[in-house]
Amino acid sequence: MKQIKLLSAFSGLLFMTLGCQKEDNETKPLSEVQVTDQAKKLTPLGACTPSFYYYINKERSLGNASTQRIVVGFTKQITTEEKKLILTSYGNLDQVIYETNTGSADATVVSLKNVYDCGHVDEILNTLKLNPEILYANPVYDNADATNYIGITNQFFVNLKNESSESSFKSLAAKTNVKIVDKLSNLSFIVSADKNSEGNALEMANLFYQNLNARYSEPDFLYLRKQPL
């Protein structure tokens, strides 16, 4: 499948992809925050359950979510320093290690500290989604590719088999609260999923593939060259 890719390098990191309410002074470090029922009700990533995506009509494993890094998108354009002020108020977030834009939203890679299992990662992501300045918070997968870490941005691609499926595609988009970002051709679309959607971009890509007459439906992956943080 041909995908439009954006290539950028920053401190040995390789990225390939298509393409505030001010910080609450009373925000406590995540280590001190009790995850609320609201956070737990947000779409779970399936703690410690291996994830997958569809590629050429087959499931491809991504493995478990990384305990070392995540991808965060902000609701509006802010500076790196402003991002740091927001993120470092959470005890398990370490530092901003890469930032770019998918074309429809921010994509900031943040390293984690003192996180030992993917269930804890799930709690961190759900807690971050409660922050009004954060548009989405998604996992990174360490073991799906020998060369790169693979992050989940807000975007995914959908290619329909025929034009008669477009109405069903738009209906599913409205039902799941995802945004059609761009129409690349009569059959191809870029779609965005955020914390208000029925799932993240990976989950929505799989759902659209399973429920539409789609040739493919795949996440717009963010690739980071593997090397020590």
# chains A, B, ... in the order shown; residues from 1 in each chain; ligands from 1

call {"tool": "closest_atom_pairs", "arguments": {"of": "segment 81-131 of chain A", "to": "segment 194-197 of chain A", "cutoff": "10 Å", "atoms": "only C-alpha atoms", "output": "tab-separated table"}}
result
residue	atom	partner	partner_atom	distance
A:Ala105	CA	A:Asp194	CA	9.5
A:Leu125	CA	A:Lys195	CA	9.9
A:Asn126	CA	A:Lys195	CA	8.9
A:Leu128	CA	A:Lys195	CA	9.7
A:Lys129	CA	A:Lys195	CA	6.2
A:Leu130	CA	A:Lys195	CA	8.8

call {"tool": "write_last_selection", "arguments": {"atoms": "N, CA and C atoms", "output": "short mmCIF file (atom, residue, chain, number, x, y, z; two decimals), in the first residue's frame"}}
result
data_model
loop_
_atom_site.label_atom_id
_atom_site.label_comp_id
_atom_site.auth_asym_id
_atom_site.auth_seq_id
_atom_site.Cartn_x
_atom_site.Cartn_y
_atom_site.Cartn_z
N ALA A 105 -3.15 17.09 13.68
CA ALA A 105 -2.99 17.24 15.13
C ALA A 105 -1.53 17.14 15.51
N LEU A 125 -2.50 6.70 30.34
CA LEU A 125 -3.15 7.23 29.15
C LEU A 125 -4.56 7.72 29.46
N ASN A 126 -5.31 6.93 30.22
CA ASN A 126 -6.68 7.33 30.55
C ASN A 126 -6.72 8.57 31.42
N LEU A 128 -4.43 10.99 31.44
CA LEU A 128 -4.06 12.12 30.58
C LEU A 128 -5.24 12.60 29.75
N LYS A 129 -6.10 11.69 29.34
CA LYS A 129 -7.24 12.06 28.51
C LYS A 129 -8.24 12.94 29.26
N LEU A 130 -8.15 12.97 30.57
CA LEU A 130 -9.03 13.83 31.34
C LEU A 130 -8.58 15.29 31.33
#

call {"tool": "residues_around", "arguments": {"residues": "Tyr54 of chain A", "least_positions_apart": "6", "cutoff": "7 Å", "atoms": "only C-alpha atoms", "output": "VMD selection string"}}
result
chain A and resid 60 206 218

call {"tool": "write_last_selection", "arguments": {"atoms": "N, CA and C atoms", "output": "mmCIF file, in the first residue's frame"}}
result
data_model
loop_
_atom_site.group_PDB
_atom_site.id
_atom_site.type_symbol
_atom_site.label_atom_id
_atom_site.label_comp_id
_atom_site.auth_asym_id
_atom_site.auth_seq_id
_atom_site.Cartn_x
_atom_site.Cartn_y
_atom_site.Cartn_z
ATOM 1 N N ARG A 60 -1.718 -8.312 11.858
ATOM 2 C CA ARG A 60 -0.295 -8.176 12.141
ATOM 3 C C ARG A 60 -0.134 -7.750 13.602
ATOM 4 N N ASN A 206 -9.173 -0.797 13.017
ATOM 5 C CA ASN A 206 -9.619 -2.190 13.037
ATOM 6 C C ASN A 206 -11.136 -2.288 12.929
ATOM 7 N N GLU A 218 -5.881 1.214 8.031
ATOM 8 C CA GLU A 218 -4.641 1.062 8.803
ATOM 9 C C GLU A 218 -4.271 2.353 9.525
#

call {"tool": "residues_around", "arguments": {"residues": "Lys76 of chain A", "least_positions_apart": "4", "cutoff": "9 Å", "atoms": "only C-alpha atoms", "output": "PyMOL selection string"}}
result
chain A and resi 20+105-106+133-135

call {"tool": "select_by_dssp", "arguments": {"residues": "segment 41-217 of chain A", "states": "helix (DSSP H, G or I)", "output": "ChimeraX atom specification"}}
result
/A:41,80-87,118-128,163-176,201-211

call {"tool": "select_by_dssp", "arguments": {"residues": "segment 65-177 of chain A", "states": "strand (DSSP E or B)", "output": "JSON, numbers by chain"}}
result
{"A": [65, 66, 67, 68, 69, 70, 71, 72, 73, 74, 93, 94, 95, 96, 97, 98, 99, 100, 101, 106, 107, 108, 109, 110, 111, 112, 134, 135, 136, 137, 138, 139, 140, 141, 148, 149, 150, 151, 152, 153, 154, 155, 156, 157, 158, 159, 160]}

call {"tool": "closest_residue", "arguments": {"among": "A:Asn131, A:Ser111, A:Asn159, A:Gln227", "to": "Ile86 of chain A", "atoms": "only C-alpha atoms"}}
result
A:Asn131

call {"tool": "residues_around", "arguments": {"residues": "Asn162 of chain A", "least_positions_apart": "5", "cutoff": "12 Å", "atoms": "only C-alpha atoms", "output": "PyMOL selection string"}}
result
chain A and resi 167-169+185-188+212-216

call {"tool": "write_last_selection", "arguments": {"atoms": "C-alpha atoms", "output": "PDB file, in the first residue's frame"}}
result
ATOM      1  CA  SER A 167     -22.339   6.396   2.704  1.00  0.00           C
ATOM      2  CA  SER A 168     -21.747   3.511   5.130  1.00  0.00           C
ATOM      3  CA  PHE A 169     -18.260   4.856   5.802  1.00  0.00           C
ATOM      4  CA  SER A 185      -9.458  10.006  -3.910  1.00  0.00           C
ATOM      5  CA  ASN A 186     -12.947   8.662  -4.527  1.00  0.00           C
ATOM      6  CA  LEU A 187     -12.079   5.655  -2.380  1.00  0.00           C
ATOM      7  CA  SER A 188      -9.341   6.819   0.021  1.00  0.00           C
ATOM      8  CA  LEU A 212     -16.964  -1.785   6.051  1.00  0.00           C
ATOM      9  CA  ASN A 213     -16.335  -3.056   2.575  1.00  0.00           C
ATOM     10  CA  ALA A 214     -12.787  -1.715   2.861  1.00  0.00           C
ATOM     11  CA  ARG A 215      -9.720  -2.698   0.893  1.00  0.00           C
ATOM     12  CA  TYR A 216      -7.646  -1.582   3.863  1.00  0.00           C
TER      13      TYR A 216
END

call {"tool": "closest_residue", "arguments": {"among": "A:Ser51, A:Lys226, A:Glu59, A:Asp117", "to": "Tyr209 of chain A", "atoms": "only C-alpha atoms"}}
result
A:Glu59

call {"tool": "closest_residue", "arguments": {"among": "A:Tyr90, A:Tyr141, A:Tyr116, A:Phe74", "to": "Thr102 of chain A", "atoms": "only C-alpha atoms"}}
result
A:Phe74

call {"tool": "closest_residue", "arguments": {"among": "A:Phe157, A:Phe221, A:Tyr136, A:Tyr149", "to": "Asn200 of chain A", "atoms": "only C-alpha atoms"}}
result
A:Tyr136

call {"tool": "atom_distance", "arguments": {"atom1": "atom CA of Asn154 of chain A", "atom2": "atom CA of Asp94 of chain A"}}
result
21.7 Å
